[in-house]
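Asks: So that we are looking at the same thing, I have put the structure below in structure tokens.
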Amino acid sequence: MNTYFVSVHFTKTSPLSRIALSTLAMAASSATVKKTVRVAAAQMTSVNDLITNFATCSRLVQEAALAGAKLICFPENFSFVGDKEGESVKIAEALDGPVMQRYCSLARDSNIWLSLGGFQERFDDTHLCNTHVVIDDAGTIRETYQKMHLFDVDVPGGSSYKESSFTVPGTKIVSVDSPVGRLGLTVCYDLRFPKIYQQLRFDHKAQVLLVPSAFTKVTGEAHWEILLRARAIETQCYVIAAAQAGKHNEKRESYGDTLIIDPWGTVVGRLNDRVSTGIVVADIDFSLIESVRTKMPIDKQRVVIDL
């Protein structure tokens, strides 16, 4: 079996000159041809302008399609990051509104699936839902997940966040079938709560876990990669973590470091520049998922403990 992984890293140069291929692992045998499918994860620095962010997303979608990806994953708050308190609620709208319809058209016109990892979905005049939206290549919304764990944290260094002051938490764990496998949907702060990932793996049969994020610089430096690799190892799933990066405004900065991790916990795709805008591409290898799960059958050995 020929086993390989390919990562494509993009910098701020022209789209065609950005592509640099690196083979991360290779083993040879002519017996069987493995089944793989290509995915992309986007990194960006969203601002408080819907049109500017859509232009960035559109460019990255075209680069992903050019690289042969069937799905591109965008980070949390891909469409808008506010400068002032209340801006996100003010621009929030329903899923059938003009902003989301633009992204549906983008998916259809580009013939690619989109994971939109944290859309400001209107709940009422003072609250929104942080909603992860998956759109297929026909431009149809296939599934939505509303972020369950809200970021109410005093980050070391003086910054405080209280997402619950304007966000209504979701109540349902969500997965969806796609051309790149069965996807488990989460958003950012969910990453610190492993039970949701265990349920996606064992109850929902997920093969690929999506973790779109806007991690702070402080928490990202301390915990980002180790948490992502842990979720991949303990669930034996691929993890795709699209990240916000750099300074959005005078008050807010995101860690970046967009990653794709395989079911053994190996990083198979990483954007080399942690604060740049671009995409990273890797192949989902279904034979590797099967191999890891067969050789270490934790699904059969797991003991469910009721406390």
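Residue numbering restarts at 1 for every chain of the structure tokens, chains are lettered A, B, ... in their displayed order, and ligands are numbered from 1 as they appear.
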Can you pull out every residue from segment 48-179 of chain A that DSSP, working from the backbone, puts in strand (DSSP E), and format the result as a PyMOL selection string?

Replies: chain A and resi 71-74+113-122+128-135+141-146+152-154+160-162+174-178

Asks: Counting only C-alpha atoms, what are the residues of segment 116-162 of chain A within 10 Å of segment 166-187 of chain A, and for each of them which pair of atoms is the nearest and at what distance in Å, to one decimal? Sort the table by chain and rising number, as JSON lines.

Replies:
{"residue": "A:Gly117", "atom": "CA", "partner": "A:Val187", "partner_atom": "CA", "distance": 6.5}
{"residue": "A:Gly118", "atom": "CA", "partner": "A:Val187", "partner_atom": "CA", "distance": 6.8}
{"residue": "A:Gln120", "atom": "CA", "partner": "A:Thr167", "partner_atom": "CA", "distance": 9.1}
{"residue": "A:Glu121", "atom": "CA", "partner": "A:Thr167", "partner_atom": "CA", "distance": 9.5}
{"residue": "A:Arg122", "atom": "CA", "partner": "A:Thr167", "partner_atom": "CA", "distance": 9.5}
{"residue": "A:Phe123", "atom": "CA", "partner": "A:Val168", "partner_atom": "CA", "distance": 7.6}
{"residue": "A:Asp124", "atom": "CA", "partner": "A:Val168", "partner_atom": "CA", "distance": 9.8}
{"residue": "A:Asp125", "atom": "CA", "partner": "A:Phe166", "partner_atom": "CA", "distance": 9.8}
{"residue": "A:Thr126", "atom": "CA", "partner": "A:Phe166", "partner_atom": "CA", "distance": 6.4}
{"residue": "A:His127", "atom": "CA", "partner": "A:Phe166", "partner_atom": "CA", "distance": 4.6}
{"residue": "A:Leu128", "atom": "CA", "partner": "A:Thr167", "partner_atom": "CA", "distance": 4.9}
{"residue": "A:Cys129", "atom": "CA", "partner": "A:Val168", "partner_atom": "CA", "distance": 5.3}
{"residue": "A:Asn130", "atom": "CA", "partner": "A:Thr167", "partner_atom": "CA", "distance": 6.8}
{"residue": "A:Thr131", "atom": "CA", "partner": "A:Val187", "partner_atom": "CA", "distance": 8.3}
{"residue": "A:His132", "atom": "CA", "partner": "A:Val187", "partner_atom": "CA", "distance": 7.0}
{"residue": "A:Val133", "atom": "CA", "partner": "A:Leu185", "partner_atom": "CA", "distance": 8.8}
{"residue": "A:Val134", "atom": "CA", "partner": "A:Val176", "partner_atom": "CA", "distance": 8.5}
{"residue": "A:Ile135", "atom": "CA", "partner": "A:Ser178", "partner_atom": "CA", "distance": 9.8}
{"residue": "A:Asp136", "atom": "CA", "partner": "A:Ser178", "partner_atom": "CA", "distance": 8.0}
{"residue": "A:Asp137", "atom": "CA", "partner": "A:Pro179", "partner_atom": "CA", "distance": 9.9}
{"residue": "A:Arg142", "atom": "CA", "partner": "A:Val176", "partner_atom": "CA", "distance": 7.5}
{"residue": "A:Glu143", "atom": "CA", "partner": "A:Val176", "partner_atom": "CA", "distance": 6.6}
{"residue": "A:Thr144", "atom": "CA", "partner": "A:Val174", "partner_atom": "CA", "distance": 7.4}
{"residue": "A:Tyr145", "atom": "CA", "partner": "A:Val174", "partner_atom": "CA", "distance": 5.9}
{"residue": "A:Gln146", "atom": "CA", "partner": "A:Gly170", "partner_atom": "CA", "distance": 4.5}
{"residue": "A:Lys147", "atom": "CA", "partner": "A:Gly170", "partner_atom": "CA", "distance": 5.3}
{"residue": "A:Met148", "atom": "CA", "partner": "A:Gly170", "partner_atom": "CA", "distance": 4.5}
{"residue": "A:His149", "atom": "CA", "partner": "A:Pro169", "partner_atom": "CA", "distance": 6.8}
{"residue": "A:Leu150", "atom": "CA", "partner": "A:Pro169", "partner_atom": "CA", "distance": 6.7}
{"residue": "A:Phe151", "atom": "CA", "partner": "A:Thr167", "partner_atom": "CA", "distance": 9.8}
{"residue": "A:Lys162", "atom": "CA", "partner": "A:Phe166", "partner_atom": "CA", "distance": 8.1}

Asks: Save out the residues we just selected, N, CA, C and O atoms, as a short mmCIF file (atom, residue, chain, number, x, y, z; two decimals), in the first residue's frame.

Replies:
data_model
loop_
_atom_site.label_atom_id
_atom_site.label_comp_id
_atom_site.auth_asym_id
_atom_site.auth_seq_id
_atom_site.Cartn_x
_atom_site.Cartn_y
_atom_site.Cartn_z
N GLY A 117 -16.86 27.95 10.62
CA GLY A 117 -16.75 27.57 12.01
C GLY A 117 -17.10 28.59 13.05
O GLY A 117 -16.31 28.82 13.96
N GLY A 118 -18.23 29.21 12.97
CA GLY A 118 -18.65 30.13 14.03
C GLY A 118 -19.30 31.37 13.44
O GLY A 118 -18.72 32.44 13.39
N GLN A 120 -22.26 34.28 13.34
CA GLN A 120 -23.10 35.02 14.28
C GLN A 120 -24.57 34.88 13.84
O GLN A 120 -25.07 35.69 13.07
N GLU A 121 -25.21 33.82 14.33
CA GLU A 121 -26.62 33.56 13.98
C GLU A 121 -27.52 34.29 14.98
O GLU A 121 -27.41 34.12 16.20
N ARG A 122 -28.42 35.09 14.46
CA ARG A 122 -29.30 35.90 15.31
C ARG A 122 -30.21 35.02 16.16
O ARG A 122 -30.83 34.06 15.67
N PHE A 123 -30.29 35.33 17.47
CA PHE A 123 -31.21 34.67 18.38
C PHE A 123 -32.35 35.61 18.77
O PHE A 123 -33.52 35.28 18.65
N ASP A 124 -31.99 36.80 19.24
CA ASP A 124 -32.96 37.86 19.50
C ASP A 124 -32.22 39.20 19.43
O ASP A 124 -31.10 39.26 18.95
N ASP A 125 -32.84 40.26 19.93
CA ASP A 125 -32.24 41.60 19.79
C ASP A 125 -30.94 41.76 20.57
O ASP A 125 -30.13 42.64 20.26
N THR A 126 -30.72 40.94 21.57
CA THR A 126 -29.54 41.11 22.43
C THR A 126 -28.64 39.88 22.49
O THR A 126 -27.61 39.91 23.18
N HIS A 127 -28.99 38.82 21.77
CA HIS A 127 -28.21 37.59 21.83
C HIS A 127 -28.08 36.94 20.45
O HIS A 127 -28.94 37.13 19.57
N LEU A 128 -27.02 36.18 20.30
CA LEU A 128 -26.80 35.40 19.09
C LEU A 128 -26.41 33.98 19.47
O LEU A 128 -26.20 33.67 20.65
N CYS A 129 -26.33 33.11 18.49
CA CYS A 129 -25.75 31.77 18.65
C CYS A 129 -24.46 31.71 17.83
O CYS A 129 -24.41 32.24 16.72
N ASN A 130 -23.44 31.12 18.40
CA ASN A 130 -22.16 30.93 17.70
C ASN A 130 -22.27 29.61 16.95
O ASN A 130 -22.08 28.53 17.53
N THR A 131 -22.59 29.68 15.67
CA THR A 131 -23.06 28.52 14.91
C THR A 131 -22.06 28.07 13.85
O THR A 131 -21.65 28.85 12.99
N HIS A 132 -21.69 26.80 13.95
CA HIS A 132 -20.82 26.15 12.97
C HIS A 132 -21.72 25.61 11.85
O HIS A 132 -22.61 24.80 12.10
N VAL A 133 -21.49 26.07 10.64
CA VAL A 133 -22.35 25.74 9.49
C VAL A 133 -21.56 24.93 8.47
O VAL A 133 -20.45 25.32 8.09
N VAL A 134 -22.11 23.81 8.03
CA VAL A 134 -21.50 23.01 6.97
C VAL A 134 -22.37 23.11 5.72
O VAL A 134 -23.57 22.81 5.76
N ILE A 135 -21.75 23.55 4.62
CA ILE A 135 -22.44 23.73 3.33
C ILE A 135 -21.85 22.78 2.32
O ILE A 135 -20.62 22.63 2.23
N ASP A 136 -22.69 22.11 1.53
CA ASP A 136 -22.17 21.17 0.54
C ASP A 136 -21.83 21.88 -0.77
O ASP A 136 -22.03 23.10 -0.91
N ASP A 137 -21.32 21.12 -1.74
CA ASP A 137 -20.85 21.72 -2.99
C ASP A 137 -21.97 22.14 -3.92
O ASP A 137 -21.71 22.70 -4.99
N ARG A 142 -26.01 21.69 5.01
CA ARG A 142 -26.22 20.30 5.37
C ARG A 142 -26.44 20.11 6.87
O ARG A 142 -27.17 19.22 7.27
N GLU A 143 -25.76 20.90 7.69
CA GLU A 143 -25.89 20.74 9.14
C GLU A 143 -25.39 21.99 9.85
O GLU A 143 -24.58 22.75 9.31
N THR A 144 -25.90 22.21 11.05
CA THR A 144 -25.43 23.32 11.88
C THR A 144 -25.23 22.82 13.31
O THR A 144 -25.95 21.93 13.78
N TYR A 145 -24.26 23.41 13.98
CA TYR A 145 -23.98 23.11 15.38
C TYR A 145 -23.79 24.42 16.13
O TYR A 145 -23.01 25.28 15.71
N GLN A 146 -24.51 24.57 17.23
CA GLN A 146 -24.38 25.77 18.04
C GLN A 146 -23.43 25.51 19.21
O GLN A 146 -23.62 24.54 19.96
N LYS A 147 -22.40 26.33 19.32
CA LYS A 147 -21.36 26.16 20.33
C LYS A 147 -21.96 25.96 21.72
O LYS A 147 -22.75 26.77 22.19
N MET A 148 -21.54 24.87 22.38
CA MET A 148 -22.11 24.51 23.68
C MET A 148 -21.35 25.15 24.85
O MET A 148 -21.97 25.57 25.83
N HIS A 149 -20.03 25.18 24.76
CA HIS A 149 -19.20 25.68 25.86
C HIS A 149 -18.80 27.12 25.57
O HIS A 149 -18.07 27.37 24.60
N LEU A 150 -19.26 28.04 26.37
CA LEU A 150 -19.04 29.46 26.12
C LEU A 150 -17.83 29.96 26.90
O LEU A 150 -17.59 29.58 28.04
N PHE A 151 -17.08 30.85 26.27
CA PHE A 151 -15.78 31.30 26.77
C PHE A 151 -15.97 32.43 27.77
O PHE A 151 -15.94 33.62 27.42
N LYS A 162 -16.45 37.23 28.32
CA LYS A 162 -17.70 36.69 28.84
C LYS A 162 -18.65 36.48 27.66
O LYS A 162 -19.58 37.26 27.42
#

Asks: Mind checking which residues fall within 6 Å of segment 229-237 of chain A, counting only C-alpha atoms, ignoring those fewer than 2 positions away in the same chain, and posting them as number ranges by chain?

Replies: A: 201, 207-208, 226-227, 239, 263-265

Asks: Just list as a VMD selection string whatever in segment 9-172 of chain A DSSP marks as alpha helix (DSSP H).

Replies: chain A and resid 15 to 18 50 to 66 87 to 91 98 to 110

Asks: Take the residues from that selection and put them in a file with N, CA and C atoms, as a tab-separated table (two decimals), in the first residue's frame.

Replies:
chain	number	residue	atom	x	y	z
A	15	PRO	N	-0.94	33.19	-5.51
A	15	PRO	CA	-1.49	31.87	-5.21
A	15	PRO	C	-0.68	30.72	-5.79
A	16	LEU	N	-0.26	30.80	-7.05
A	16	LEU	CA	0.43	29.68	-7.66
A	16	LEU	C	1.83	29.49	-7.07
A	17	SER	N	2.50	30.60	-6.75
A	17	SER	CA	3.85	30.47	-6.22
A	17	SER	C	3.85	30.07	-4.76
A	18	ARG	N	2.65	30.07	-4.11
A	18	ARG	CA	2.61	29.74	-2.70
A	18	ARG	C	2.73	28.26	-2.44
A	50	LEU	N	-17.88	42.79	6.97
A	50	LEU	CA	-18.38	41.55	6.37
A	50	LEU	C	-17.86	41.35	4.94
A	51	ILE	N	-17.79	42.43	4.17
A	51	ILE	CA	-17.38	42.32	2.77
A	51	ILE	C	-15.89	41.99	2.66
A	52	THR	N	-15.08	42.63	3.48
A	52	THR	CA	-13.64	42.35	3.47
A	52	THR	C	-13.36	40.90	3.84
A	53	ASN	N	-14.04	40.39	4.85
A	53	ASN	CA	-13.83	39.01	5.26
A	53	ASN	C	-14.32	38.04	4.19
A	54	PHE	N	-15.43	38.36	3.53
A	54	PHE	CA	-15.92	37.48	2.47
A	54	PHE	C	-14.93	37.44	1.31
A	55	ALA	N	-14.31	38.56	0.99
A	55	ALA	CA	-13.31	38.59	-0.08
A	55	ALA	C	-12.13	37.70	0.26
A	56	THR	N	-11.68	37.74	1.52
A	56	THR	CA	-10.60	36.86	1.95
A	56	THR	C	-11.00	35.40	1.85
A	57	CYS	N	-12.19	35.07	2.34
A	57	CYS	CA	-12.68	33.69	2.27
A	57	CYS	C	-12.80	33.22	0.83
A	58	SER	N	-13.29	34.08	-0.05
A	58	SER	CA	-13.44	33.70	-1.46
A	58	SER	C	-12.09	33.36	-2.08
A	59	ARG	N	-11.08	34.17	-1.78
A	59	ARG	CA	-9.74	33.90	-2.32
A	59	ARG	C	-9.20	32.57	-1.81
A	60	LEU	N	-9.39	32.30	-0.52
A	60	LEU	CA	-8.88	31.05	0.05
A	60	LEU	C	-9.64	29.84	-0.48
A	61	VAL	N	-10.92	29.99	-0.74
A	61	VAL	CA	-11.70	28.91	-1.35
A	61	VAL	C	-11.15	28.56	-2.73
A	62	GLN	N	-10.83	29.57	-3.51
A	62	GLN	CA	-10.29	29.31	-4.85
A	62	GLN	C	-8.94	28.61	-4.77
A	63	GLU	N	-8.11	28.98	-3.80
A	63	GLU	CA	-6.83	28.32	-3.63
A	63	GLU	C	-7.00	26.86	-3.21
A	64	ALA	N	-7.98	26.61	-2.33
A	64	ALA	CA	-8.25	25.24	-1.90
A	64	ALA	C	-8.75	24.39	-3.05
A	65	ALA	N	-9.66	24.95	-3.86
A	65	ALA	CA	-10.17	24.22	-5.02
A	65	ALA	C	-9.05	23.91	-6.01
A	66	LEU	N	-8.16	24.87	-6.22
A	66	LEU	CA	-7.02	24.69	-7.11
A	66	LEU	C	-6.11	23.57	-6.61
A	87	GLU	N	-21.20	44.91	18.67
A	87	GLU	CA	-21.18	44.89	17.20
A	87	GLU	C	-21.58	43.54	16.63
A	88	SER	N	-21.13	42.47	17.26
A	88	SER	CA	-21.42	41.13	16.74
A	88	SER	C	-22.92	40.83	16.79
A	89	VAL	N	-23.57	41.25	17.86
A	89	VAL	CA	-25.02	41.06	17.96
A	89	VAL	C	-25.75	41.91	16.93
A	90	LYS	N	-25.25	43.11	16.71
A	90	LYS	CA	-25.89	44.03	15.77
A	90	LYS	C	-25.89	43.49	14.35
A	91	ILE	N	-24.80	42.84	13.93
A	91	ILE	CA	-24.72	42.34	12.54
A	91	ILE	C	-25.27	40.92	12.39
A	98	PRO	N	-28.71	37.33	3.93
A	98	PRO	CA	-27.82	37.59	2.79
A	98	PRO	C	-26.37	37.18	3.02
A	99	VAL	N	-25.86	37.26	4.25
A	99	VAL	CA	-24.47	36.88	4.49
A	99	VAL	C	-24.26	35.39	4.23
A	100	MET	N	-25.07	34.56	4.86
A	100	MET	CA	-24.90	33.12	4.67
A	100	MET	C	-25.23	32.70	3.25
A	101	GLN	N	-26.16	33.37	2.61
A	101	GLN	CA	-26.48	33.04	1.23
A	101	GLN	C	-25.30	33.31	0.30
A	102	ARG	N	-24.49	34.32	0.63
A	102	ARG	CA	-23.27	34.58	-0.14
A	102	ARG	C	-22.32	33.39	-0.06
A	103	TYR	N	-22.19	32.83	1.13
A	103	TYR	CA	-21.29	31.69	1.31
A	103	TYR	C	-21.85	30.43	0.65
A	104	CYS	N	-23.16	30.28	0.67
A	104	CYS	CA	-23.78	29.16	-0.05
A	104	CYS	C	-23.49	29.26	-1.54
A	105	SER	N	-23.60	30.46	-2.10
A	105	SER	CA	-23.28	30.66	-3.52
A	105	SER	C	-21.81	30.39	-3.79
A	106	LEU	N	-20.94	30.78	-2.86
A	106	LEU	CA	-19.51	30.55	-3.02
A	106	LEU	C	-19.20	29.06	-3.07
A	107	ALA	N	-19.83	28.28	-2.21
A	107	ALA	CA	-19.63	26.83	-2.22
A	107	ALA	C	-20.11	26.21	-3.53
A	108	ARG	N	-21.28	26.64	-3.98
A	108	ARG	CA	-21.84	26.11	-5.22
A	108	ARG	C	-20.98	26.50	-6.43
A	109	ASP	N	-20.60	27.74	-6.52
A	109	ASP	CA	-19.83	28.22	-7.67
A	109	ASP	C	-18.43	27.60	-7.71
A	110	SER	N	-17.88	27.26	-6.54
A	110	SER	CA	-16.53	26.70	-6.46
A	110	SER	C	-16.52	25.18	-6.39

Asks: Hey, which of A:Ala67, A:Val303, A:Val211, A:Val153 ends up closest to Val37 of chain A? Count only C-alpha atoms.

Replies: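 Selected residue with least distance to Val37 of chain A: A:Ala67.
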
Asks: Counting only C-alpha atoms, what is within 7 Å of Val47 of chain A, bar same-chain residues fewer than 4 positions away, as a PyMOL selection string?

Replies: chain A and resi 53+80-82+248

Asks: Go ahead and save the residues from that selection, with C-alpha atoms, as a compact mmCIF listing (two decimals), in the first residue's frame.

Replies:
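Listing of again-v1.txt after writing:
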# COMPACT_ATOMS: atom_id res chain seq x y z
CA ASN A 53 -13.83 39.01 5.26
CA PHE A 80 -16.90 39.12 11.47
CA VAL A 81 -14.83 40.13 14.49
CA GLY A 82 -16.16 43.25 16.18
CA HIS A 248 -7.91 41.94 14.67

Asks: Which one of A:Ile196, A:Ala245, A:Ile240, A:Val304 sits closest to Val281 of chain A if you count only C-alpha atoms?

Replies: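 Using only C-alpha atoms, the shortest distance to Val281 of chain A belongs to A:Ile240.
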
Asks: For atom CA of Thr277 of chain A and atom CA of Ala42 of chain A, quote the distance in Å rounded to one decimal.

Replies: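 Between these atoms lies a distance of 7.6 Å.
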
Asks: Select, from A:Lys70, A:Lys205, A:Arg270, A:Arg252, the residue with the minimum atom-to-atom distance to Ser46 of chain A, counting only C-alpha atoms.

Replies: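 Among A:Lys70, A:Lys205, A:Arg270, A:Arg252, it is A:Arg252 that comes nearest to Ser46 of chain A.
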